[in-house]
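*Asks:* You'll find input_6.cif just under this line, and it carries mmCIF, C-alpha atoms and all ligand atoms.
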```
data_structure
#
loop_
_atom_site.label_atom_id
_atom_site.label_comp_id
_atom_site.auth_asym_id
_atom_site.auth_seq_id
_atom_site.Cartn_x
_atom_site.Cartn_y
_atom_site.Cartn_z
CA MET A 1334 23.05 -0.39 -4.56
CA LYS A 1335 22.21 2.17 -7.21
CA ILE A 1336 21.14 5.76 -6.64
CA ALA A 1337 18.79 7.52 -9.04
CA PRO A 1338 18.44 11.23 -8.28
CA SER A 1339 15.03 12.57 -9.32
CA ILE A 1340 15.29 15.78 -11.31
CA LEU A 1341 11.84 16.76 -10.03
CA SER A 1342 13.66 18.43 -7.14
CA ALA A 1343 16.47 19.94 -9.25
CA ASP A 1344 16.64 23.64 -10.11
CA PHE A 1345 14.78 23.75 -13.43
CA ALA A 1346 16.47 27.03 -14.30
CA HIS A 1347 19.84 25.25 -14.04
CA LEU A 1348 18.88 21.72 -14.96
CA ALA A 1349 21.97 20.84 -17.02
CA ARG A 1350 24.22 22.05 -14.18
CA ASP A 1351 22.35 19.96 -11.61
CA ILE A 1352 22.46 16.86 -13.83
CA GLU A 1353 26.21 17.28 -14.33
CA THR A 1354 26.63 17.66 -10.57
CA VAL A 1355 24.91 14.38 -9.69
CA GLN A 1356 26.65 12.53 -12.51
CA ALA A 1357 30.05 13.74 -11.28
CA ALA A 1358 29.01 12.72 -7.74
CA GLY A 1359 28.45 9.12 -8.84
CA ALA A 1360 24.75 8.85 -9.60
CA ASP A 1361 23.91 5.54 -11.31
CA LEU A 1362 20.77 6.63 -13.17
CA LEU A 1363 18.76 9.79 -13.63
CA HIS A 1364 15.08 9.54 -12.65
CA VAL A 1365 12.65 11.61 -14.74
CA ASP A 1366 9.13 12.04 -13.33
CA VAL A 1367 6.60 12.46 -16.11
CA MET A 1368 3.19 13.66 -14.84
CA ASP A 1369 0.19 14.45 -17.03
CA GLY A 1370 -2.16 16.28 -14.66
CA HIS A 1371 -4.66 13.42 -15.06
CA PHE A 1372 -3.17 10.21 -13.68
CA VAL A 1373 -1.70 12.36 -10.91
CA PRO A 1374 -2.64 15.93 -9.91
CA ASN A 1375 0.57 17.53 -11.13
CA LEU A 1376 2.13 18.43 -14.46
CA THR A 1377 5.82 18.07 -15.35
CA PHE A 1378 7.78 16.92 -18.38
CA GLY A 1379 7.07 15.55 -21.84
CA PRO A 1380 9.22 13.76 -24.43
CA SER A 1381 10.89 17.02 -25.48
CA MET A 1382 12.37 17.37 -21.99
CA VAL A 1383 13.84 13.86 -22.23
CA ALA A 1384 15.26 14.73 -25.66
CA ALA A 1385 16.81 17.90 -24.22
CA ILE A 1386 18.41 16.06 -21.30
CA ARG A 1387 19.73 13.18 -23.41
CA PRO A 1388 22.85 14.95 -24.78
CA VAL A 1389 23.66 16.47 -21.39
CA THR A 1390 24.38 13.16 -19.62
CA SER A 1391 25.62 9.64 -20.21
CA LEU A 1392 23.55 8.35 -17.28
CA PRO A 1393 20.70 5.96 -18.13
CA LEU A 1394 17.39 7.83 -18.12
CA ASP A 1395 14.86 6.11 -15.84
CA VAL A 1396 11.56 7.55 -17.05
CA HIS A 1397 8.67 7.21 -14.58
CA LEU A 1398 5.44 7.57 -16.54
CA MET A 1399 2.69 8.91 -14.27
CA VAL A 1400 0.32 9.26 -17.20
CA SER A 1401 -3.03 7.87 -18.28
CA ASP A 1402 -2.86 5.71 -21.42
CA PRO A 1403 0.90 5.01 -21.17
CA GLU A 1404 0.94 2.91 -24.36
CA ALA A 1405 0.20 6.06 -26.34
CA TRP A 1406 3.34 7.73 -24.97
CA LEU A 1407 5.87 4.88 -25.09
CA PRO A 1408 7.11 5.45 -28.69
CA ALA A 1409 7.71 9.18 -28.15
CA PHE A 1410 9.68 8.66 -24.94
CA ALA A 1411 11.72 5.82 -26.45
CA LYS A 1412 12.55 8.00 -29.45
CA ALA A 1413 13.48 10.88 -27.14
CA GLY A 1414 16.21 8.76 -25.54
CA ALA A 1415 14.73 7.03 -22.49
CA ASP A 1416 16.63 3.92 -21.39
CA LYS A 1417 13.91 2.56 -19.08
CA LEU A 1418 10.19 3.20 -19.33
CA LEU A 1419 8.30 2.61 -16.08
CA ILE A 1420 4.58 1.92 -16.54
CA HIS A 1421 2.04 2.18 -13.73
CA ALA A 1422 -0.10 -0.94 -13.32
CA GLU A 1423 -3.05 1.33 -12.47
CA ALA A 1424 -2.77 3.26 -15.75
CA THR A 1425 -3.42 0.57 -18.34
CA GLN A 1426 -5.99 -2.16 -19.04
CA ASN A 1427 -3.32 -4.37 -20.59
CA LEU A 1428 -0.10 -4.24 -18.63
CA TYR A 1429 1.41 -7.24 -20.41
CA HIS A 1430 0.95 -5.56 -23.78
CA ALA A 1431 2.39 -2.28 -22.51
CA VAL A 1432 5.53 -4.06 -21.27
CA GLN A 1433 5.92 -5.91 -24.56
CA LEU A 1434 5.45 -2.68 -26.50
CA ALA A 1435 8.13 -0.87 -24.50
CA GLN A 1436 10.59 -3.73 -24.99
CA SER A 1437 9.82 -3.86 -28.71
CA LEU A 1438 10.96 -0.23 -28.87
CA GLY A 1439 14.42 -1.26 -27.69
CA VAL A 1440 14.22 0.02 -24.12
CA GLN A 1441 13.96 -1.69 -20.76
CA ALA A 1442 10.45 -1.95 -19.35
CA GLY A 1443 9.46 -1.59 -15.73
CA VAL A 1444 6.15 -1.77 -13.92
CA VAL A 1445 5.15 0.50 -11.06
CA VAL A 1446 2.77 -0.17 -8.17
CA ASN A 1447 1.17 2.55 -6.08
CA PRO A 1448 1.10 2.04 -2.30
CA GLY A 1449 -2.51 0.82 -2.46
CA THR A 1450 -1.93 -1.63 -5.32
CA SER A 1451 -1.33 -5.27 -4.48
CA LEU A 1452 1.61 -7.20 -5.91
CA THR A 1453 -0.93 -9.71 -7.23
CA VAL A 1454 -1.82 -7.12 -9.91
CA ILE A 1455 1.66 -7.38 -11.46
CA GLU A 1456 2.30 -11.08 -10.82
CA GLU A 1457 1.69 -12.15 -14.43
CA VAL A 1458 4.22 -9.70 -15.87
CA LEU A 1459 7.00 -10.41 -13.39
CA PRO A 1460 8.61 -13.08 -15.61
CA ILE A 1461 9.10 -10.55 -18.44
CA VAL A 1462 9.87 -7.20 -16.79
CA ASP A 1463 13.31 -5.63 -16.37
CA GLN A 1464 12.38 -3.61 -13.28
CA VAL A 1465 9.67 -3.20 -10.65
CA LEU A 1466 9.20 0.18 -8.98
CA VAL A 1467 7.50 0.04 -5.60
CA MET A 1468 6.12 3.49 -4.76
CA THR A 1469 6.92 4.43 -1.18
CA VAL A 1470 4.68 7.53 -1.35
CA ASN A 1471 1.48 8.24 -3.25
CA PRO A 1472 2.67 9.54 -6.62
CA GLY A 1473 2.40 13.15 -7.74
CA PHE A 1474 4.80 15.25 -5.70
CA GLY A 1475 8.33 15.29 -4.35
CA GLY A 1476 9.09 15.88 -0.69
CA GLN A 1477 6.44 13.58 0.82
CA ALA A 1478 6.90 11.32 3.83
CA PHE A 1479 8.04 7.72 3.28
CA LEU A 1480 5.39 5.07 3.98
CA PRO A 1481 7.11 2.52 6.30
CA ALA A 1482 4.63 -0.26 5.46
CA MET A 1483 6.09 -0.44 1.93
CA ALA A 1484 9.24 -2.15 3.23
CA ASP A 1485 7.22 -5.32 3.76
CA LYS A 1486 5.94 -5.09 0.19
CA VAL A 1487 9.52 -4.87 -1.08
CA ALA A 1488 10.45 -7.90 1.04
CA ARG A 1489 7.56 -9.93 -0.39
CA LEU A 1490 8.54 -8.94 -3.93
CA ALA A 1491 12.18 -9.85 -3.32
CA ALA A 1492 11.07 -13.24 -1.95
CA MET A 1493 8.98 -13.88 -5.07
CA ARG A 1494 11.95 -12.95 -7.25
CA GLN A 1495 14.21 -15.35 -5.44
CA ALA A 1496 11.68 -18.19 -5.39
CA HIS A 1497 11.21 -18.00 -9.18
CA ASP A 1498 14.78 -17.02 -10.11
CA TRP A 1499 13.51 -13.88 -11.80
CA HIS A 1500 16.01 -11.14 -12.57
CA PHE A 1501 14.17 -7.80 -12.47
CA ALA A 1502 15.65 -4.94 -10.47
CA ILE A 1503 13.63 -3.61 -7.53
CA GLU A 1504 13.43 0.18 -7.26
CA VAL A 1505 11.86 2.31 -4.53
CA ASP A 1506 10.67 5.89 -4.96
CA GLY A 1507 9.39 8.47 -2.54
CA GLY A 1508 10.58 9.86 0.77
CA ILE A 1509 13.98 8.15 0.57
CA ASN A 1510 16.61 9.69 2.87
CA ASP A 1511 19.51 8.46 5.00
CA GLN A 1512 17.08 7.16 7.63
CA THR A 1513 14.25 5.67 5.56
CA ILE A 1514 16.60 3.92 3.12
CA SER A 1515 17.60 1.31 5.72
CA SER A 1516 14.35 -0.67 5.81
CA VAL A 1517 13.92 -0.91 2.04
CA LYS A 1518 17.59 -1.72 1.53
CA ALA A 1519 17.34 -4.57 4.05
CA ALA A 1520 14.14 -5.71 2.34
CA GLY A 1521 15.96 -6.22 -0.97
CA ALA A 1522 15.62 -3.04 -3.04
CA ASP A 1523 18.41 -2.41 -5.57
CA ILE A 1524 17.72 1.10 -6.88
CA PHE A 1525 16.88 4.08 -4.69
CA VAL A 1526 15.24 7.18 -6.16
CA ALA A 1527 15.84 10.33 -4.14
CA GLY A 1528 14.73 13.81 -5.10
CA SER A 1529 14.45 16.33 -2.29
CA PHE A 1530 17.07 14.62 -0.13
CA VAL A 1531 19.70 14.88 -2.88
CA PHE A 1532 18.88 18.29 -4.33
CA THR A 1533 17.37 20.41 -1.57
CA GLN A 1534 18.75 19.23 1.77
CA GLY A 1535 22.48 19.71 1.24
CA GLU A 1536 25.20 19.36 -1.37
CA PRO A 1537 24.21 16.54 -3.76
CA GLU A 1538 27.56 14.73 -3.44
CA ALA A 1539 27.41 14.70 0.38
CA GLN A 1540 23.75 13.66 0.32
CA MET A 1541 24.46 10.74 -1.99
CA THR A 1542 27.36 9.64 0.23
CA LYS A 1543 24.96 9.60 3.19
CA LEU A 1544 22.61 7.35 1.25
CA ARG A 1545 25.41 4.95 0.32
CA GLN A 1546 26.75 4.81 3.88
CA ALA A 1547 23.37 4.42 5.62
CA LYS A 1548 23.14 1.20 7.58
O1 LIG B 1 7.67 9.82 -8.51
C1 LIG B 1 7.88 10.61 -7.63
C2 LIG B 1 6.77 11.36 -7.00
O2 LIG B 1 5.57 11.00 -7.57
C3 LIG B 1 9.26 10.73 -7.14
O3 LIG B 1 10.21 10.31 -8.07
C4 LIG B 1 9.67 11.97 -6.42
O4 LIG B 1 10.32 12.90 -7.26
C5 LIG B 1 10.61 11.61 -5.32
O5 LIG B 1 10.87 12.75 -4.57
P1 LIG B 1 11.31 12.64 -3.04
O6 LIG B 1 10.18 11.96 -2.31
O7 LIG B 1 12.58 11.84 -3.01
O8 LIG B 1 11.50 14.06 -2.65
CO CO B 2 9.35 8.93 -9.59
#
```
Would you give me this structure, written as C-alpha cells?
Ligand SMILES: O=C(CO)[C@@H](O)[C@H](O)COP(=O)(O)O
Ligand SMILES: [Co+2]

*Replies:*
Amino acid sequence: MKIAPSILSADFAHLARDIETVQAAGADLLHVDVMDGHFVPNLTFGPSMVAAIRPVTSLPLDVHLMVSDPEAWLPAFAKAGADKLLIHAEATQNLYHAVQLAQSLGVQAGVVVNPGTSLTVIEEVLPIVDQVLVMTVNPGFGGQAFLPAMADKVARLAAMRQAHDWHFAIEVDGGINDQTISSVKAAGADIFVAGSFVFTQGEPEAQMTKLRQAK
C-alpha cells in the first residue's frame, strides 16, 4: 500500500517543514489538491505552488486537478514538476484526448471519478491510464466524512482491472482514516490519500503508522 498525504491539510505557513516531516515519516507520494473555484467551490494552488514544492521534496507529486478545462492546465503543471496529473472525467468533453495529452508531456496520467459518476464513463480510457482515483467524498474540501458506498465502486474497478489484465493503480481520496481505510483496502485500492487524518489529528508519523497497520 502507498500513502499520499494531502498538503491541503498542512500548515501553509510552514509548508516545507510539513512536507519534510511526511517524507521522513515514509510517505510514498505527495498529493496536491488544485481547485479553481469553478469546478469545485474552493480555491487553492496553481502551477507556481507545484514549482515551489518541487525542490523541497523527492516524493512524486500527485496533482489532483479539480479544475474546469483541465487540458488548458496540463502543460503548465507538467512543466512545474508534477509527476502524475489526475483529470476529472466530469471536467472535460474529451477524456481520452486529455489523458493522451498528459502522457505526451512526459508525466503519468490518471482519471478521477466523483462519487456520483459511474465507472462506465471512464471505461474507454482504462486501457491507457496509469491511475484511477475514486473520490470517496464529494470534491472541494478536506475533512469530510468518507462515503462507505464507494468501497463497492473500488471493488468493481479492481475486478475490471483483473479481468482485462490492466495495470493502472487505484487511488482513493477523501475521509480516509484508520477506520475507513479497511473497506477500500480490502476492495483493492493501492494508494490512499489522507489529509486531515495525517496533518491535524496527531503527529504525522504516528498517523501514517496507524494507516499502515489498520486491518
Ligand atoms: O481532493 C480532496 C478534497 O477534494 C482531498 O485530497 C482532500 O484533501 C482529502 O482530505 P481528507 O478528507 O483526507 O481530510
Ligand atoms: Co485530492

*Asks:* Using all atoms listed in the file for the distances, tell me which of A:Gly1414, A:Pro1338, A:Gly1359, A:Gly1370 is nearest to ligand CO 2 (chain B).

*Replies:*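 Counting all atoms listed in the file, the residue closest to ligand CO 2 (chain B) is A:Pro1338.
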
*Asks:* Measuring atom to atom with all atoms listed in the file, identify which of A:Gly1528, A:Gly1535, A:Gly1439, A:Pro1460 is nearest to ligand CO 2 (chain B).

*Replies:*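 Looking only at the distances to ligand CO 2 (chain B), the closest residue turns out to be A:Gly1528.
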
*Asks:* With a cut-off of 6 Å, could you pull out the residues of chain A touching ligand CO 2 (chain B) and give me the nearest pair of atoms for each, distance in Å to one decimal, using only C-alpha atoms and all ligand atoms, ordered by chain and ascending number, as JSON lines?

*Replies:*
```
{"residue": "A:Asp1366", "atom": "CA", "partner": "B:CO2", "partner_atom": "CO", "distance": 4.9}
{"residue": "A:His1397", "atom": "CA", "partner": "B:CO2", "partner_atom": "CO", "distance": 5.3}
{"residue": "A:Asp1506", "atom": "CA", "partner": "B:CO2", "partner_atom": "CO", "distance": 5.7}
```

*Asks:* Nearest residue to ligand LIG 1 (chain B) out of A:Ala1431, A:Ala1415, A:Ala1357, A:Leu1376, using all atoms listed in the file?

*Replies:*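 Selected residue with least distance to ligand LIG 1 (chain B): A:Leu1376.
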
*Asks:* Grab the CA of Ala1496 in chain A to CA of Val1444 in chain A distance for me, in Å with one decimal place.

*Replies:*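 Answer for the CA of Ala1496 in chain A to CA of Val1444 in chain A separation: 19.3 Å.
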
*Asks:* What does the list of residues within 8 Å of ligand LIG 1 (chain B) look like if you count only C-alpha atoms and all ligand atoms, written as a PyMOL selection string?

*Replies:* chain A and resi 1338-1342+1364-1366+1397+1399+1468+1470-1479+1506-1510+1526-1531

*Asks:* Would you mind listing what lies within 10 Å of Asp1402 in chain A as a CSV table (one decimal) with C-alpha atoms, in the frame of the given file, with only C-alpha atoms counted and same-chain residues fewer than 3 positions away left out?

*Replies:*
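Result saved to selection_21.csv:
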```csv
chain,number,residue,atom,x,y,z
A,1372,PHE,CA,-3.2,10.2,-13.7
A,1398,LEU,CA,5.4,7.6,-16.5
A,1399,MET,CA,2.7,8.9,-14.3
A,1405,ALA,CA,0.2,6.1,-26.3
A,1406,TRP,CA,3.3,7.7,-25.0
A,1407,LEU,CA,5.9,4.9,-25.1
A,1420,ILE,CA,4.6,1.9,-16.5
A,1421,HIS,CA,2.0,2.2,-13.7
A,1423,GLU,CA,-3.0,1.3,-12.5
A,1424,ALA,CA,-2.8,3.3,-15.8
A,1425,THR,CA,-3.4,0.6,-18.3
A,1426,GLN,CA,-6.0,-2.2,-19.0
A,1431,ALA,CA,2.4,-2.3,-22.5
```

*Asks:* I need the residue nearest Asn1427 in chain A from this list: A:Lys1518, A:Met1493, A:Gly1449, A:Ile1455. Use all atoms listed in the file for the distance.

*Replies:*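 Counting all atoms listed in the file, the residue closest to Asn1427 in chain A is A:Ile1455.
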
*Asks:* Find the residue from A:Leu1428, A:Ala1360, A:Leu1348, A:Val1458 that sits nearest to Leu1544 in chain A; use only C-alpha atoms when measuring.

*Replies:* A:Ala1360

*Asks:* Show which residues sit within 9 Å of Ala1488 in chain A, as a list in words. Count only C-alpha atoms, and ignore same-chain residues fewer than 2 positions away.

*Replies:*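 Residues meeting the cut-off are Met1483, Ala1484, Asp1485, Lys1486, Leu1490, Ala1491, Ala1492, Met1493, Val1517, Ala1519, Ala1520, Gly1521 and Ala1522 of chain A.
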
*Asks:* What does the distance from CA of Ile1503 in chain A to CA of Val1445 in chain A come to in Å, to one decimal?

*Replies:*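 CA of Ile1503 in chain A sits 10.1 Å away from CA of Val1445 in chain A.
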
*Asks:* To one decimal in Å, tell me the separation between CA of Ser1391 in chain A and CA of Gln1356 in chain A.

*Replies:* 8.3 Å

*Asks:* Using all atoms listed in the file, pick whichever of A:Leu1419, A:Ala1337, A:Val1389, A:Thr1377 has the shortest atom-to-atom distance to Arg1350 in chain A.

*Replies:* A:Val1389

*Asks:* Could you give me the centre and size, in Å to one decimal, of an axis-aligned box around all listed atoms of range 1437-1443 of chain A with 6 Å added on every side, as lines of an AutoDock Vina configuration file?

*Replies:*
```
center_x = 11.9
center_y = -1.9
center_z = -22.3
size_x = 17.0
size_y = 15.9
size_z = 25.1
```

*Asks:* Can you pull out every residue within 9 Å of Thr1450 in chain A, counting only C-alpha atoms, but drop anything in the same chain fewer than 3 positions away, and send it as number ranges by chain?

*Replies:* A: 1422-1423, 1446-1447, 1453-1454

*Asks:* Counting all atoms listed in the file, select every polymer residue within 9 Å of (8.6, 1.7, -27.5) as defined in the file's coordinates, and provide the selection as a list in words.

*Replies:*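 Applying the cut-off with all atoms listed in the file, one gets Glu1404, Trp1406, Leu1407, Pro1408, Ala1409, Phe1410, Ala1411, Lys1412, Leu1418, Ala1431, Gln1433, Leu1434, Ala1435, Gln1436, Ser1437, Leu1438, Gly1439 and Val1440 of chain A.
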
*Asks:* Would you kindly identify which residues have an atom no farther than 7 Å from (20.2, 14.4, -15.0), using all atoms listed in the file and the file's own coordinates, and write them out as a ChimeraX atom specification?

*Replies:* /A:1340,1349,1351-1353,1363,1386,1390
